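Listing of structure39.cif; format and content: mmCIF, C-alpha atoms.
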```cif
data_start
#
loop_
_atom_site.label_atom_id
_atom_site.label_comp_id
_atom_site.auth_asym_id
_atom_site.auth_seq_id
_atom_site.Cartn_x
_atom_site.Cartn_y
_atom_site.Cartn_z
CA MET A 243 51.91 100.98 -32.12
CA TRP A 244 54.59 98.30 -31.69
CA SER A 245 55.20 99.28 -28.08
CA TRP A 246 51.45 98.83 -27.53
CA VAL A 247 51.57 95.34 -29.09
CA ALA A 248 54.66 94.43 -27.08
CA HIS A 249 53.00 95.69 -23.88
CA ARG A 250 50.02 93.37 -24.48
CA VAL A 251 52.11 90.36 -25.46
CA THR A 252 54.48 90.69 -22.47
CA GLY A 253 51.52 91.32 -20.16
CA VAL A 254 49.76 88.11 -21.20
CA LEU A 255 53.00 86.10 -20.93
CA ILE A 256 53.66 87.42 -17.42
CA PHE A 257 50.05 86.70 -16.38
CA PHE A 258 50.21 83.05 -17.43
CA PHE A 259 53.56 82.62 -15.70
CA LEU A 260 52.02 84.16 -12.57
CA LEU A 261 49.23 81.56 -12.55
CA VAL A 262 51.78 78.73 -12.81
CA HIS A 263 54.12 80.36 -10.29
CA VAL A 264 51.46 80.58 -7.57
CA LEU A 265 50.59 76.91 -8.18
CA ASP A 266 54.23 75.77 -7.96
CA THR A 267 54.80 77.82 -4.81
CA ALA A 268 51.64 76.28 -3.32
CA LEU A 269 53.52 72.95 -3.29
CA VAL A 270 55.31 74.12 -0.11
CA ARG A 271 51.97 73.25 1.50
CA VAL A 272 52.13 69.69 0.11
CA SER A 273 55.61 68.63 1.20
CA PRO A 274 59.22 69.85 1.08
CA GLU A 275 59.99 67.01 -1.37
CA ALA A 276 57.23 68.03 -3.79
CA TYR A 277 58.30 71.68 -3.75
CA ASN A 278 61.99 70.92 -4.15
CA ALA A 279 61.32 68.50 -7.03
CA VAL A 280 59.37 71.10 -9.02
CA ILE A 281 61.58 74.07 -8.17
CA GLY A 282 64.54 71.86 -9.16
CA THR A 283 63.25 71.86 -12.73
CA TYR A 284 63.39 75.69 -12.64
CA GLN A 285 67.16 75.38 -12.15
CA THR A 286 67.88 73.52 -15.38
CA PRO A 287 69.58 75.38 -18.29
CA ILE A 288 66.44 75.41 -20.46
CA MET A 289 64.28 76.87 -17.69
CA GLY A 290 67.15 79.25 -16.88
CA LEU A 291 66.83 80.68 -20.39
CA GLY A 292 63.07 80.83 -19.91
CA GLU A 293 63.59 82.85 -16.72
CA ALA A 294 65.85 85.24 -18.66
CA GLY A 295 63.01 85.70 -21.17
CA LEU A 296 60.49 86.18 -18.38
CA VAL A 297 62.63 88.83 -16.69
CA ALA A 298 63.11 90.56 -20.06
CA ALA A 299 59.31 90.64 -20.52
CA ILE A 300 58.80 92.02 -17.00
CA VAL A 301 61.50 94.69 -17.39
CA PHE A 302 60.06 95.91 -20.70
CA HIS A 303 56.49 95.88 -19.35
CA ALA A 304 57.62 97.80 -16.25
CA PHE A 305 59.54 100.58 -18.04
CA ASN A 306 57.01 100.90 -20.87
CA GLY A 307 54.27 101.04 -18.20
CA LEU A 308 56.02 104.05 -16.63
CA ARG A 309 56.15 105.61 -20.11
CA ILE A 310 52.39 105.08 -20.51
CA ILE A 311 51.81 106.79 -17.14
CA LEU A 312 53.95 109.75 -18.23
CA VAL A 313 52.10 110.00 -21.56
CA ASP A 314 48.78 110.00 -19.67
CA PHE A 315 49.59 112.33 -16.76
CA TRP A 316 52.55 114.51 -17.78
CA ALA A 317 51.53 117.52 -19.87
CA LYS A 318 54.50 117.05 -22.23
CA GLY A 319 54.18 113.25 -22.23
CA PRO A 320 52.50 112.86 -25.64
CA LYS A 321 55.07 115.22 -27.21
CA TYR A 322 57.99 113.16 -25.90
CA GLN A 323 56.44 109.68 -26.25
CA ARG A 324 58.84 108.70 -29.05
CA VAL A 325 61.90 109.90 -27.14
CA MET A 326 60.62 108.09 -24.07
CA LEU A 327 60.39 104.83 -26.03
CA TRP A 328 64.12 105.09 -26.71
CA VAL A 329 64.69 105.82 -23.01
CA VAL A 330 62.65 102.68 -22.19
CA LEU A 331 64.76 100.60 -24.59
CA GLY A 332 67.95 102.12 -23.13
CA LEU A 333 66.91 101.37 -19.54
CA PHE A 334 65.87 97.88 -20.67
CA ALA A 335 69.34 97.27 -22.13
CA VAL A 336 71.10 98.56 -19.00
CA THR A 337 68.91 96.50 -16.65
CA MET A 338 69.32 93.32 -18.68
CA ALA A 339 73.09 93.94 -18.90
CA GLY A 340 73.11 93.95 -15.11
CA PHE A 341 70.86 90.92 -14.73
CA LEU A 342 71.81 88.50 -17.52
CA PRO A 343 75.51 87.84 -16.71
CA ARG A 344 74.72 87.21 -13.06
CA HIS A 345 71.70 84.98 -13.78
CA LEU A 346 73.41 83.03 -16.58
CA MET A 347 76.42 82.43 -14.33
CA ASN A 348 74.05 81.09 -11.67
CA VAL A 349 72.35 78.83 -14.22
CA PHE A 350 75.35 77.62 -16.23
CA GLY A 351 78.22 78.39 -13.88
CA GLY A 352 78.89 74.91 -12.55
CA GLY A 353 77.26 75.38 -9.12
CA HIS A 354 75.68 72.17 -7.79
CA MET B 205 -5.39 102.49 -32.90
CA ALA B 206 -3.79 101.87 -36.24
CA TYR B 207 -0.67 100.21 -34.88
CA GLY B 208 -0.12 97.34 -32.46
CA THR B 209 -0.06 98.93 -29.04
CA SER B 210 2.81 96.75 -27.87
CA ALA B 211 5.19 98.25 -30.46
CA VAL B 212 4.40 101.93 -29.81
CA ALA B 213 7.40 103.91 -28.60
CA LYS B 214 7.17 105.36 -25.13
CA VAL B 215 6.52 109.08 -25.20
CA ASP B 216 6.76 111.29 -22.14
CA ALA B 217 3.67 113.03 -20.93
CA PRO B 218 3.34 116.63 -22.21
CA ARG B 219 5.21 119.28 -20.17
CA SER B 220 7.23 116.72 -18.22
CA PRO B 221 10.64 118.17 -17.34
CA TYR B 222 13.72 117.15 -19.36
CA VAL B 223 15.68 114.36 -17.73
CA ARG B 224 19.24 113.72 -18.92
CA ARG B 225 19.67 110.06 -19.76
CA ARG B 226 22.52 108.18 -18.15
CA THR B 227 24.70 107.03 -21.02
CA THR B 228 27.21 105.03 -18.98
CA ARG B 229 26.95 102.34 -16.37
CA GLY B 230 28.99 104.18 -13.78
CA ASN B 231 32.67 104.91 -13.64
CA TYR B 232 33.92 101.33 -13.50
CA GLU B 233 36.19 101.63 -16.55
CA LEU B 234 37.68 104.88 -15.22
CA TYR B 235 38.53 103.27 -11.87
CA SER B 236 40.02 100.28 -13.70
CA TRP B 237 42.19 102.63 -15.80
CA VAL B 238 43.43 104.46 -12.70
CA PHE B 239 44.03 101.18 -10.87
CA MET B 240 46.26 99.86 -13.67
CA ARG B 241 48.54 102.89 -13.34
CA ALA B 242 48.60 103.03 -9.53
CA SER B 243 49.10 99.28 -9.04
CA GLY B 244 51.67 99.24 -11.85
CA VAL B 245 53.96 101.63 -9.97
CA VAL B 246 53.70 99.60 -6.74
CA LEU B 247 54.21 96.33 -8.63
CA ILE B 248 57.47 97.60 -10.14
CA VAL B 249 58.89 98.02 -6.61
CA LEU B 250 57.47 94.70 -5.35
CA ILE B 251 58.47 92.58 -8.36
CA PHE B 252 61.91 94.14 -8.91
CA GLY B 253 62.62 93.53 -5.20
CA HIS B 254 61.31 89.95 -5.49
CA LEU B 255 63.46 89.23 -8.56
CA PHE B 256 66.55 90.81 -7.01
CA VAL B 257 66.34 88.80 -3.78
CA ASN B 258 65.41 85.50 -5.47
CA LEU B 259 67.54 85.61 -8.63
CA MET B 260 70.46 88.02 -8.04
CA VAL B 261 71.53 87.64 -4.40
CA GLY B 262 73.81 84.73 -3.47
CA GLU B 263 73.44 81.73 -5.77
CA GLY B 264 70.30 83.10 -7.42
CA VAL B 265 67.76 80.55 -8.62
CA HIS B 266 69.98 77.68 -7.40
CA ALA B 267 69.47 78.72 -3.77
CA ILE B 268 65.68 78.33 -3.92
CA ASP B 269 64.24 75.33 -2.09
CA PHE B 270 61.79 74.63 0.74
CA GLY B 271 64.21 75.98 3.36
CA PHE B 272 64.68 79.20 1.34
CA VAL B 273 60.92 79.83 1.29
CA ALA B 274 60.65 78.99 5.01
CA GLY B 275 63.44 81.46 5.78
CA LYS B 276 61.74 84.24 3.85
CA TRP B 277 58.28 83.70 5.32
CA ALA B 278 59.69 83.58 8.85
CA ASN B 279 59.93 87.35 8.34
CA PRO B 280 56.55 89.17 8.40
CA LEU B 281 57.95 91.71 5.92
CA TRP B 282 58.19 89.05 3.19
CA GLN B 283 54.77 87.64 4.09
CA VAL B 284 53.18 91.06 3.60
CA TRP B 285 55.37 91.68 0.53
CA ASP B 286 54.29 88.44 -1.14
CA LEU B 287 50.63 88.84 -0.16
CA LEU B 288 50.48 92.36 -1.59
CA MET B 289 52.34 91.22 -4.71
CA LEU B 290 49.93 88.30 -5.17
CA TRP B 291 46.80 90.42 -4.90
CA LEU B 292 47.99 93.43 -6.89
CA ALA B 293 49.56 91.33 -9.65
CA MET B 294 46.48 89.11 -9.95
CA ILE B 295 44.05 92.05 -10.12
CA HIS B 296 46.35 93.97 -12.50
CA GLY B 297 46.87 90.91 -14.73
CA THR B 298 43.22 89.81 -14.68
CA ASN B 299 42.08 93.32 -15.55
CA GLY B 300 44.62 93.47 -18.38
CA VAL B 301 43.52 90.15 -19.85
CA ARG B 302 39.85 91.22 -19.42
CA THR B 303 40.61 94.26 -21.60
CA ILE B 304 42.27 92.07 -24.23
CA ILE B 305 39.33 89.61 -24.26
CA ASN B 306 36.90 92.53 -24.67
CA ASP B 307 38.99 93.80 -27.59
CA TYR B 308 39.35 90.61 -29.58
CA ALA B 309 36.49 88.21 -28.68
CA GLN B 310 33.62 89.47 -30.82
CA LYS B 311 30.91 86.89 -30.14
CA ASP B 312 29.02 87.39 -26.88
CA LEU B 313 29.28 83.70 -26.05
CA THR B 314 33.04 83.51 -26.67
CA ARG B 315 33.62 86.64 -24.60
CA GLY B 316 31.44 85.35 -21.79
CA VAL B 317 33.15 81.95 -21.67
CA LEU B 318 36.67 83.42 -21.78
CA LYS B 319 35.91 85.96 -19.05
CA SER B 320 34.24 83.32 -16.87
CA LEU B 321 37.37 81.15 -17.14
CA LEU B 322 39.51 84.19 -16.36
CA TYR B 323 37.55 85.09 -13.21
CA LEU B 324 37.52 81.44 -12.11
CA ALA B 325 41.31 81.30 -12.45
CA PHE B 326 41.55 84.59 -10.53
CA VAL B 327 39.53 83.29 -7.57
CA ILE B 328 41.33 79.93 -7.43
CA VAL B 329 44.84 81.43 -7.61
CA VAL B 330 44.21 84.30 -5.18
CA VAL B 331 42.47 82.11 -2.59
CA LEU B 332 45.07 79.35 -2.90
CA GLY B 333 48.01 81.77 -2.75
CA THR B 334 46.60 83.63 0.25
CA LEU B 335 45.94 80.39 2.15
CA VAL B 336 49.47 79.17 1.39
CA ILE B 337 51.06 82.34 2.77
CA PHE B 338 48.98 82.27 5.97
CA THR B 339 48.96 78.52 6.69
CA PHE B 340 52.56 77.76 5.70
CA ASP B 341 54.34 75.40 8.13
CA PRO B 342 58.15 75.71 7.96
CA CYS B 343 58.63 72.58 10.09
CA PRO B 344 56.23 69.88 8.80
CA VAL B 345 56.29 66.74 10.93
CA ASN B 346 57.61 63.55 9.30
CA ALA B 347 59.60 65.55 6.72
CA PRO B 348 63.29 64.64 6.27
CA GLU B 349 65.23 66.96 8.55
CA HIS B 350 67.75 68.06 5.92
CA LEU B 351 64.89 69.50 3.83
CA ILE B 352 63.13 71.60 6.45
CA ALA B 353 64.05 75.08 7.72
CA SER B 354 67.28 75.37 9.70
CA PHE B 355 65.44 76.87 12.71
CA CYS B 356 63.08 73.88 13.13
CA PRO B 357 63.28 72.03 16.50
CA ALA B 358 63.65 68.72 14.61
CA ARG B 359 67.10 69.82 13.41
#
```
Written as structure tokens, that's how I'd like the structure from this file.
Amino acid sequence: MWSWVAHRVTGVLIFFFLLVHVLDTALVRVSPEAYNAVIGTYQTPIMGLGEAGLVAAIVFHAFNGLRIILVDFWAKGPKYQRVMLWVVLGLFAVTMAGFLPRHLMNVFGGGH
Amino acid sequence: MAYGTSAVAKVDAPRSPYVRRRTTRGNYELYSWVFMRASGVVLIVLIFGHLFVNLMVGEGVHAIDFGFVAGKWANPLWQVWDLLMLWLAMIHGTNGVRTIINDYAQKDLTRGVLKSLLYLAFVIVVVLGTLVIFTFDPCPVNAPEHLIASFCPAR
């Protein structure tokens, strides 16, 4: 139940970011200055935390999506759905442990 | 006739053969269900690769500017990558939000308006994104030379 809610919430969040992200990337067609000005705001600490949240949403949605596929197509999927939720959360933790230090160092680590 | 003829239910002629009534409007929802799973697997590869190259390699998000985009799209692999990611993610996301609207918007009018806005956003973003990928110019004239791609003749 809660994984279903979380899948919907993260999905909607990612979708709205996607709309904005295509629009900001489209600025490369306006001018290098326009693109660099907007992408520059993505490199501030607050947006850096937002990106961490976005990546967390994507990673959960991705791994839980694989779990949904296994529940649907694997004969033993429904039997192991609860175990697989813990596997999803474990993989989520491992992936974020690999991503967060690197990303937060890039955002806060004194470069530029 | 005792009843108004216009309100009489249609009755088949005697001895006409039994015809099974179609109870669905085709297999659209089945195809949409399959598409979500198939595109989801491909999107995991595309988006994880996108995030790794743009956020993890080198200086991560700090390295992204006009020249970074120009460098990536100079390679046809990244053009195809981004085009596929754009289309699959937009169809996957639009279909997901369509499902959510169908679930929660109970009035016909509300549902219709929300889905119209959704499909409008889909068309605008997909067309715009596709045009940007195919018409991108890494060396715009009159742009300051320190901002454009390193392989431009102006530099």
Find the residues around segment 271-280 of chain A up to 12 Å (all atoms listed in the file counted), leave out those fewer than 4 positions away in its own chain, and share them as a PDB file with C-alpha atoms, in the coordinates of the input.
```
ATOM      1  CA  VAL A 262      51.780  78.730 -12.810  1.00  0.00           C
ATOM      2  CA  HIS A 263      54.120  80.360 -10.290  1.00  0.00           C
ATOM      3  CA  VAL A 264      51.460  80.580  -7.570  1.00  0.00           C
ATOM      4  CA  LEU A 265      50.590  76.910  -8.180  1.00  0.00           C
ATOM      5  CA  ASP A 266      54.230  75.770  -7.960  1.00  0.00           C
ATOM      6  CA  THR A 267      54.800  77.820  -4.810  1.00  0.00           C
ATOM      7  CA  TYR A 284      63.390  75.690 -12.640  1.00  0.00           C
ATOM      8  CA  GLN A 285      67.160  75.380 -12.150  1.00  0.00           C
ATOM      9  CA  THR A 286      67.880  73.520 -15.380  1.00  0.00           C
ATOM     10  CA  MET A 289      64.280  76.870 -17.690  1.00  0.00           C
TER      11      MET A 289
ATOM     12  CA  HIS B 266      69.980  77.680  -7.400  1.00  0.00           C
ATOM     13  CA  ALA B 267      69.470  78.720  -3.770  1.00  0.00           C
ATOM     14  CA  ILE B 268      65.680  78.330  -3.920  1.00  0.00           C
ATOM     15  CA  ASP B 269      64.240  75.330  -2.090  1.00  0.00           C
ATOM     16  CA  PHE B 270      61.790  74.630   0.740  1.00  0.00           C
ATOM     17  CA  GLY B 271      64.210  75.980   3.360  1.00  0.00           C
ATOM     18  CA  PHE B 272      64.680  79.200   1.340  1.00  0.00           C
ATOM     19  CA  VAL B 273      60.920  79.830   1.290  1.00  0.00           C
ATOM     20  CA  ALA B 274      60.650  78.990   5.010  1.00  0.00           C
ATOM     21  CA  LEU B 332      45.070  79.350  -2.900  1.00  0.00           C
ATOM     22  CA  GLY B 333      48.010  81.770  -2.750  1.00  0.00           C
ATOM     23  CA  THR B 334      46.600  83.630   0.250  1.00  0.00           C
ATOM     24  CA  LEU B 335      45.940  80.390   2.150  1.00  0.00           C
ATOM     25  CA  VAL B 336      49.470  79.170   1.390  1.00  0.00           C
ATOM     26  CA  ILE B 337      51.060  82.340   2.770  1.00  0.00           C
ATOM     27  CA  PHE B 338      48.980  82.270   5.970  1.00  0.00           C
ATOM     28  CA  THR B 339      48.960  78.520   6.690  1.00  0.00           C
ATOM     29  CA  PHE B 340      52.560  77.760   5.700  1.00  0.00           C
ATOM     30  CA  ASP B 341      54.340  75.400   8.130  1.00  0.00           C
ATOM     31  CA  PRO B 342      58.150  75.710   7.960  1.00  0.00           C
ATOM     32  CA  CYS B 343      58.630  72.580  10.090  1.00  0.00           C
ATOM     33  CA  PRO B 344      56.230  69.880   8.800  1.00  0.00           C
ATOM     34  CA  VAL B 345      56.290  66.740  10.930  1.00  0.00           C
ATOM     35  CA  ASN B 346      57.610  63.550   9.300  1.00  0.00           C
ATOM     36  CA  ALA B 347      59.600  65.550   6.720  1.00  0.00           C
ATOM     37  CA  PRO B 348      63.290  64.640   6.270  1.00  0.00           C
ATOM     38  CA  GLU B 349      65.230  66.960   8.550  1.00  0.00           C
ATOM     39  CA  HIS B 350      67.750  68.060   5.920  1.00  0.00           C
ATOM     40  CA  LEU B 351      64.890  69.500   3.830  1.00  0.00           C
ATOM     41  CA  ILE B 352      63.130  71.600   6.450  1.00  0.00           C
ATOM     42  CA  ALA B 353      64.050  75.080   7.720  1.00  0.00           C
TER      43      ALA B 353
END
```
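Across the structure, atom CA of Asp286 of chain B and atom CA of Phe239 of chain B are spaced 19.0 Å apart.
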Per residue of chain A within 9 Å of chain B, note the shortest atom pair and the distance in Å to one decimal, counting only C-alpha atoms, and order the rows by chain and increasing residue number, as JSON lines.
```
{"residue": "A:Arg250", "atom": "CA", "partner": "B:Ile304", "partner_atom": "CA", "distance": 7.9}
{"residue": "A:Gly253", "atom": "CA", "partner": "B:Gly297", "partner_atom": "CA", "distance": 7.2}
{"residue": "A:Val254", "atom": "CA", "partner": "B:Val301", "partner_atom": "CA", "distance": 6.7}
{"residue": "A:Ile256", "atom": "CA", "partner": "B:Gly297", "partner_atom": "CA", "distance": 8.1}
{"residue": "A:Phe257", "atom": "CA", "partner": "B:Gly297", "partner_atom": "CA", "distance": 5.5}
{"residue": "A:Phe258", "atom": "CA", "partner": "B:Gly297", "partner_atom": "CA", "distance": 9.0}
{"residue": "A:Leu260", "atom": "CA", "partner": "B:Met294", "partner_atom": "CA", "distance": 7.9}
{"residue": "A:Leu261", "atom": "CA", "partner": "B:Val329", "partner_atom": "CA", "distance": 6.6}
{"residue": "A:Val264", "atom": "CA", "partner": "B:Gly333", "partner_atom": "CA", "distance": 6.0}
{"residue": "A:Leu265", "atom": "CA", "partner": "B:Val329", "partner_atom": "CA", "distance": 7.3}
{"residue": "A:Thr267", "atom": "CA", "partner": "B:Gly333", "partner_atom": "CA", "distance": 8.1}
{"residue": "A:Ala268", "atom": "CA", "partner": "B:Val336", "partner_atom": "CA", "distance": 5.9}
{"residue": "A:Leu269", "atom": "CA", "partner": "B:Val336", "partner_atom": "CA", "distance": 8.8}
{"residue": "A:Val270", "atom": "CA", "partner": "B:Phe270", "partner_atom": "CA", "distance": 6.6}
{"residue": "A:Arg271", "atom": "CA", "partner": "B:Phe340", "partner_atom": "CA", "distance": 6.2}
{"residue": "A:Ser273", "atom": "CA", "partner": "B:Ala347", "partner_atom": "CA", "distance": 7.5}
{"residue": "A:Pro274", "atom": "CA", "partner": "B:Phe270", "partner_atom": "CA", "distance": 5.4}
{"residue": "A:Glu275", "atom": "CA", "partner": "B:Leu351", "partner_atom": "CA", "distance": 7.6}
{"residue": "A:Tyr277", "atom": "CA", "partner": "B:Phe270", "partner_atom": "CA", "distance": 6.4}
{"residue": "A:Asn278", "atom": "CA", "partner": "B:Asp269", "partner_atom": "CA", "distance": 5.4}
{"residue": "A:Ala279", "atom": "CA", "partner": "B:Asp269", "partner_atom": "CA", "distance": 8.9}
{"residue": "A:Ile281", "atom": "CA", "partner": "B:Asp269", "partner_atom": "CA", "distance": 6.8}
{"residue": "A:Gly282", "atom": "CA", "partner": "B:Asp269", "partner_atom": "CA", "distance": 7.9}
{"residue": "A:Tyr284", "atom": "CA", "partner": "B:Val265", "partner_atom": "CA", "distance": 7.7}
{"residue": "A:Gln285", "atom": "CA", "partner": "B:His266", "partner_atom": "CA", "distance": 6.0}
{"residue": "A:Gly290", "atom": "CA", "partner": "B:Val265", "partner_atom": "CA", "distance": 8.4}
{"residue": "A:Val297", "atom": "CA", "partner": "B:Leu255", "partner_atom": "CA", "distance": 8.2}
{"residue": "A:Ile300", "atom": "CA", "partner": "B:Ile251", "partner_atom": "CA", "distance": 8.7}
{"residue": "A:Val301", "atom": "CA", "partner": "B:Phe252", "partner_atom": "CA", "distance": 8.5}
{"residue": "A:Ala304", "atom": "CA", "partner": "B:Ile248", "partner_atom": "CA", "distance": 6.1}
{"residue": "A:Phe305", "atom": "CA", "partner": "B:Ile248", "partner_atom": "CA", "distance": 8.7}
{"residue": "A:Gly307", "atom": "CA", "partner": "B:Gly244", "partner_atom": "CA", "distance": 7.1}
{"residue": "A:Leu308", "atom": "CA", "partner": "B:Val245", "partner_atom": "CA", "distance": 7.4}
{"residue": "A:Ile310", "atom": "CA", "partner": "B:Arg241", "partner_atom": "CA", "distance": 8.4}
{"residue": "A:Ile311", "atom": "CA", "partner": "B:Arg241", "partner_atom": "CA", "distance": 6.4}
{"residue": "A:Phe341", "atom": "CA", "partner": "B:Met260", "partner_atom": "CA", "distance": 7.3}
{"residue": "A:Arg344", "atom": "CA", "partner": "B:Met260", "partner_atom": "CA", "distance": 6.6}
{"residue": "A:His345", "atom": "CA", "partner": "B:Met260", "partner_atom": "CA", "distance": 6.6}
{"residue": "A:Asn348", "atom": "CA", "partner": "B:Glu263", "partner_atom": "CA", "distance": 6.0}
{"residue": "A:Val349", "atom": "CA", "partner": "B:His266", "partner_atom": "CA", "distance": 7.3}
{"residue": "A:Gly353", "atom": "CA", "partner": "B:His266", "partner_atom": "CA", "distance": 7.8}
{"residue": "A:His354", "atom": "CA", "partner": "B:His266", "partner_atom": "CA", "distance": 7.9}
```
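Between atom CA of Leu322 of chain B and atom CA of Asp314 of chain A there is a distance of 27.6 Å.
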- request: Using atom CA of Tyr232 of chain B and atom CA of Met326 of chain A as the two end points, give the distance in Å to one decimal.
  value: 29.5 Å
message: So that I can see what lies close to Trp244 of chain A, please list as a PyMOL selection string the residues with an atom at most 12 Å from it, counting all atoms listed in the file and leaving out residues fewer than 3 positions away in the same chain.
response: chain A and resi 247-252+306+324+327
Complete the atom set of segment 330-337 of chain B to all heavy atoms and return it as a PDB file, in the coordinates of the input.
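Produced file part.pdb, reproduced below:
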```
ATOM      1  N   VAL B 330      44.099  83.354  -6.296  1.00  0.00           N
ATOM      2  CA  VAL B 330      44.210  84.300  -5.180  1.00  0.00           C
ATOM      3  C   VAL B 330      43.888  83.615  -3.848  1.00  0.00           C
ATOM      4  O   VAL B 330      44.608  83.789  -2.856  1.00  0.00           O
ATOM      5  CB  VAL B 330      43.293  85.525  -5.403  1.00  0.00           C
ATOM      6  CG1 VAL B 330      43.170  86.347  -4.132  1.00  0.00           C
ATOM      7  CG2 VAL B 330      43.842  86.396  -6.521  1.00  0.00           C
ATOM      8  N   VAL B 331      42.828  82.803  -3.830  1.00  0.00           N
ATOM      9  CA  VAL B 331      42.470  82.110  -2.590  1.00  0.00           C
ATOM     10  C   VAL B 331      43.570  81.131  -2.198  1.00  0.00           C
ATOM     11  O   VAL B 331      44.035  81.109  -1.048  1.00  0.00           O
ATOM     12  CB  VAL B 331      41.112  81.381  -2.739  1.00  0.00           C
ATOM     13  CG1 VAL B 331      40.867  80.453  -1.554  1.00  0.00           C
ATOM     14  CG2 VAL B 331      39.983  82.394  -2.856  1.00  0.00           C
ATOM     15  N   LEU B 332      44.012  80.326  -3.174  1.00  0.00           N
ATOM     16  CA  LEU B 332      45.070  79.350  -2.900  1.00  0.00           C
ATOM     17  C   LEU B 332      46.343  80.038  -2.403  1.00  0.00           C
ATOM     18  O   LEU B 332      46.918  79.660  -1.372  1.00  0.00           O
ATOM     19  CB  LEU B 332      45.365  78.528  -4.162  1.00  0.00           C
ATOM     20  CG  LEU B 332      46.469  77.476  -4.022  1.00  0.00           C
ATOM     21  CD1 LEU B 332      45.999  76.343  -3.129  1.00  0.00           C
ATOM     22  CD2 LEU B 332      46.875  76.924  -5.386  1.00  0.00           C
ATOM     23  N   GLY B 333      46.778  81.061  -3.117  1.00  0.00           N
ATOM     24  CA  GLY B 333      48.010  81.770  -2.750  1.00  0.00           C
ATOM     25  C   GLY B 333      47.920  82.381  -1.362  1.00  0.00           C
ATOM     26  O   GLY B 333      48.865  82.307  -0.569  1.00  0.00           O
ATOM     27  N   THR B 334      46.772  82.992  -1.060  1.00  0.00           N
ATOM     28  CA  THR B 334      46.600  83.630   0.250  1.00  0.00           C
ATOM     29  C   THR B 334      46.634  82.583   1.356  1.00  0.00           C
ATOM     30  O   THR B 334      47.302  82.778   2.389  1.00  0.00           O
ATOM     31  CB  THR B 334      45.249  84.385   0.284  1.00  0.00           C
ATOM     32  OG1 THR B 334      45.214  85.304  -0.806  1.00  0.00           O
ATOM     33  CG2 THR B 334      45.092  85.151   1.596  1.00  0.00           C
ATOM     34  N   LEU B 335      45.936  81.454   1.137  1.00  0.00           N
ATOM     35  CA  LEU B 335      45.940  80.390   2.150  1.00  0.00           C
ATOM     36  C   LEU B 335      47.359  79.868   2.361  1.00  0.00           C
ATOM     37  O   LEU B 335      47.775  79.618   3.497  1.00  0.00           O
ATOM     38  CB  LEU B 335      45.025  79.244   1.708  1.00  0.00           C
ATOM     39  CG  LEU B 335      43.527  79.495   1.867  1.00  0.00           C
ATOM     40  CD1 LEU B 335      42.730  78.332   1.303  1.00  0.00           C
ATOM     41  CD2 LEU B 335      43.178  79.718   3.339  1.00  0.00           C
ATOM     42  N   VAL B 336      48.115  79.699   1.273  1.00  0.00           N
ATOM     43  CA  VAL B 336      49.470  79.170   1.390  1.00  0.00           C
ATOM     44  C   VAL B 336      50.330  80.097   2.248  1.00  0.00           C
ATOM     45  O   VAL B 336      51.060  79.654   3.135  1.00  0.00           O
ATOM     46  CB  VAL B 336      50.103  78.947   0.002  1.00  0.00           C
ATOM     47  CG1 VAL B 336      51.602  78.725   0.111  1.00  0.00           C
ATOM     48  CG2 VAL B 336      49.455  77.752  -0.689  1.00  0.00           C
ATOM     49  N   ILE B 337      50.233  81.401   2.005  1.00  0.00           N
ATOM     50  CA  ILE B 337      51.060  82.340   2.770  1.00  0.00           C
ATOM     51  C   ILE B 337      50.702  82.294   4.255  1.00  0.00           C
ATOM     52  O   ILE B 337      51.578  82.310   5.116  1.00  0.00           O
ATOM     53  CB  ILE B 337      50.902  83.772   2.212  1.00  0.00           C
ATOM     54  CG1 ILE B 337      51.516  83.867   0.806  1.00  0.00           C
ATOM     55  CG2 ILE B 337      51.588  84.789   3.148  1.00  0.00           C
ATOM     56  CD1 ILE B 337      51.310  85.200   0.128  1.00  0.00           C
TER      57      ILE B 337
END
```
